[in-house]
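**Student:** Following this message is one structure expressed as structure tokens.
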Amino acid sequence: MCGFVGFYDAGTDFDHAAVVKAMADAIAHRGPDSEGFFNDERVSLGFRRLSIIDLEGASQPLYNEDDQLVLCFNGEIYNFQELRAQLIEAGHVFKTHGDGEVILHGFEEWGEGLLGRLRGMFAFVLYNRETGRLFMARDNFGIKPLYYFADGDVLLFASETKALLRHPHFKKALNRKRLGHYLCIEYLPDDETMFEGVRKVPAGHWLSWQGGACEVVKWWEPSFCPQEGRTRAEEAGQIAAALQESVNAHAIADVEVGCFLSAGVDSSLVANETSHIMKAKTFSIGYGEQKYSELEAAKTFADAMGLENYSRGIDAETFFASVPAVQYHMDDPLPNPSAVPLYHLAHFAAEQVKVVLSGEGADELFGGYPLYQEGLDYHPYMSVPAPLRKAAGAVASLLPEGTHGRRFLMRGAHPLEERYRRLEYNYTYPEALALLKPDVAAEVEACGAPWETEAPLFAEVKAHYPGEGQIDEVTAMQTVDILTWMQQDILLKADKMSMAASLELRVPFLDKEVFALSRTLPTADRVSKTETKCALRSAAAETLPPVTAKMPKIGFITPLAQWMREEPYTTMVREKITGPVAEQFFDTAQLGRLLDQHVSGEKSNMKKIWSIYSFVVWYEQFFGNSDLAA
């Protein structure tokens, strides 16, 4: 795993080689082992390498036989040996034994058709020196990031946004109009970022740039195709076999491989499968506050399975002290508290290994979130005519809070694309508008409500399933989660926090072959009213202890809500959310009241407060007076 930077800029008012070097230095944490550069009169490329395969060779940029095609690549291609054999048979000459060169020759042989043949995680850029065309692409799920900034005849791109800031033609500005969506959702669900003009190449898309013309094209999208006729035992056997094969592929490396381990079923399955092919170390993180810590459960599992487990605890002081680094490495503000323990877990593991396998993606592919269970109730209710549901919702809104059925009827007045819970995950849209300063709120309101932003995506997802009622709510939410929540929160956090520690994180569940199986599971074998990830848990029950296989979804929980009620952290938080940065954008008196309610125990406002705290800390890193903001 590595990182790359580059630009298309024919300007003569700066030193191209010095600038691309500075951009690459900004992401040196992604590849501390070596660096490489390419420059001609219009394009510059920079590369930072974390050596995993072919340690002595495979340095980048890579070139084809006549040096006309130049490649920088971040990620791993797990079927590279198979593709390499096909390309050699077709007459291509390889100079290295690494996986990146199959992209170079594969593009020569198959063009854009190469992307569908790749099995792995990747973001790459190819430059054709003869035509001047730049071609970039991201993997199916968006495991590896890729950002770009286009302005007239200038194109900047990098594995992380912070590198773009080193280019003299980059125009740094806050994307203020998206603050409302950030407050509601906690991330931007589309290709925009909180930097004005900086965009993400979406997962499963490629970008072509030539002569100032930019084209972004979708090459893959997720869809479910349930197949009936299998028993649960047969499904469990197929899942076990697919995961075993995927772990085998993901474990290929010329360095030591370890595993992240929580008490949950996903990481436990990955760690157990890895133990069948190597003596892999496992790494766990937790807290002194036992009710928030999974360390004891992780150790119990590791001991039962004969796994070597290393654990570390973090306290409130360590947690808060690392928030600036976490927000800096994220590039965009992210108020998901789990980013902080993940940051520390990655650094802990990096003390002993260079690669870890982790369990991300299982919840989205196999139906692991409790919110999916809501769909089982709402799906039949949606057959009630909309006017009747709206009337019932209006009547329910007049009932006292806490009345049984009130919330269901109020939310049921709306279709899924308006009540999808992640649309107002931290703040409701009216709450966000009321919290923002009037001038900011006006910009935000002009941008549209969260459900208006995601309505086209829901429409696109439904279009995959022609015919009335052909897609159930569970499947719709899973698909949207894969395209938004998983891509913009889960995977971005996993990449940025692991790369901050120069650690390669691989995700065996997010494999094209595993997805090819998971997409065929009937809804009832993904989610029931009493259980999530039904078929996956059945597979786990064959090899894991019952307590692990049945472990409910917990998430990477933290004692943050408790710490916010304790000094010195209450004061620390108050200073940020009522300070000069917050005053530029928010009603700080209202924020002070939210904190007062939380400290007194009147309400639990942790998520709301942490959204603001995270944004302010992030803003200070990139727009404040720190060296990083320069």
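By order of appearance in the structure tokens: chains A, B, ..., then residues from 1 within every chain, and ligands from 1 in the order shown.
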Select from segment 307-554 of chain A everything DSSP, run on the backbone, classes as strand (DSSP E), then give the selection as a PDB file with C-alpha atoms, in the first residue's frame.
**Tutor:**
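states.pdb, written as the output of this step:
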```
ATOM      1  CA  GLU A 308      -1.514 -14.737  19.831  1.00  0.00           C
ATOM      2  CA  ASN A 309      -3.183 -11.558  21.100  1.00  0.00           C
ATOM      3  CA  TYR A 310      -1.669  -8.184  21.958  1.00  0.00           C
ATOM      4  CA  SER A 311      -3.789  -5.519  23.607  1.00  0.00           C
ATOM      5  CA  ARG A 312      -3.514  -1.919  24.676  1.00  0.00           C
ATOM      6  CA  GLY A 313      -5.791   0.436  26.571  1.00  0.00           C
ATOM      7  CA  ILE A 314      -6.251   4.161  26.065  1.00  0.00           C
ATOM      8  CA  VAL A 355      -0.097  -5.548   7.118  1.00  0.00           C
ATOM      9  CA  VAL A 356      -3.313  -6.311   9.012  1.00  0.00           C
ATOM     10  CA  LEU A 357      -6.539  -8.002   7.973  1.00  0.00           C
ATOM     11  CA  GLU A 504      -1.579  -1.599   5.251  1.00  0.00           C
ATOM     12  CA  LEU A 505      -5.151  -2.600   6.151  1.00  0.00           C
ATOM     13  CA  ARG A 506      -6.846  -5.258   4.030  1.00  0.00           C
TER      14      ARG A 506
END
```
**Student:** Set the distance at 6 Å and use only C-alpha atoms: which residues neighbour segment 558-564 of chain A once local chain neighbours fewer than 5 positions away are removed? I'd like the list as a CSV table (one decimal) with N, CA and C atoms, in the first residue's frame.
**Tutor:**
```
chain,number,residue,atom,x,y,z
A,292,TYR,N,-17.1,-0.4,28.4
A,292,TYR,CA,-16.9,0.1,27.0
A,292,TYR,C,-15.8,-0.7,26.3
A,569,TYR,N,-12.2,17.7,30.7
A,569,TYR,CA,-12.7,17.5,29.4
A,569,TYR,C,-13.9,18.4,29.1
A,570,THR,N,-14.7,18.6,30.1
A,570,THR,CA,-15.9,19.4,29.9
A,570,THR,C,-15.5,20.8,29.5
A,606,MET,N,-24.0,13.7,23.3
A,606,MET,CA,-22.6,13.5,22.9
A,606,MET,C,-22.4,13.6,21.4
```
**Student:** Which is closest to Tyr8 of chain A among A:Ala213, A:Ile239, A:Leu174, A:Ile143, if we use only C-alpha atoms?
**Tutor:**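 Closest candidate: A:Ala213.
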**Student:** Among segment 284-399 of chain A, which ones does DSSP place in helix (DSSP H, G or I), written as a VMD selection string?
**Tutor:** chain A and resid 290 to 292 295 to 305 316 to 321 323 to 330 339 to 350 362 to 366 371 to 381 386 to 397
**Student:** Using only C-alpha atoms, which residue out of A:Thr548, A:Thr484, A:Asn64, A:Ser34 lies closest to Gly100 of chain A?
**Tutor:** A:Asn64
**Student:** Have a look at A:Tyr147, A:Tyr420, A:Tyr63, A:Trp110 and name the one nearest to Phe94 of chain A; count only C-alpha atoms.
**Tutor:**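 Closest candidate: A:Tyr63.
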**Student:** Can you pull out every residue within 7 Å of segment 249-262 of chain A, counting only C-alpha atoms, but drop anything in the same chain fewer than 3 positions away, and send it as a list in words?
**Tutor:**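 The neighbour list is Ile52, Ile53, Asp54, Tyr78, Glu245, Ser246, Ser267, Ser268, Ala271, Ala280, Lys281, Thr282, Phe283, Ser284, Glu294, Ala298, Val353, Lys354, Val355, Val356, Leu357, Ser358, Arg506 and Pro508 of chain A.
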**Student:** For the atom pair atom CA of Ala501 of chain A and atom CA of Ala350 of chain A, what is the interatomic distance in Å to one decimal place?
**Tutor:**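 For atom CA of Ala501 of chain A relative to atom CA of Ala350 of chain A, the distance reads 6.4 Å.
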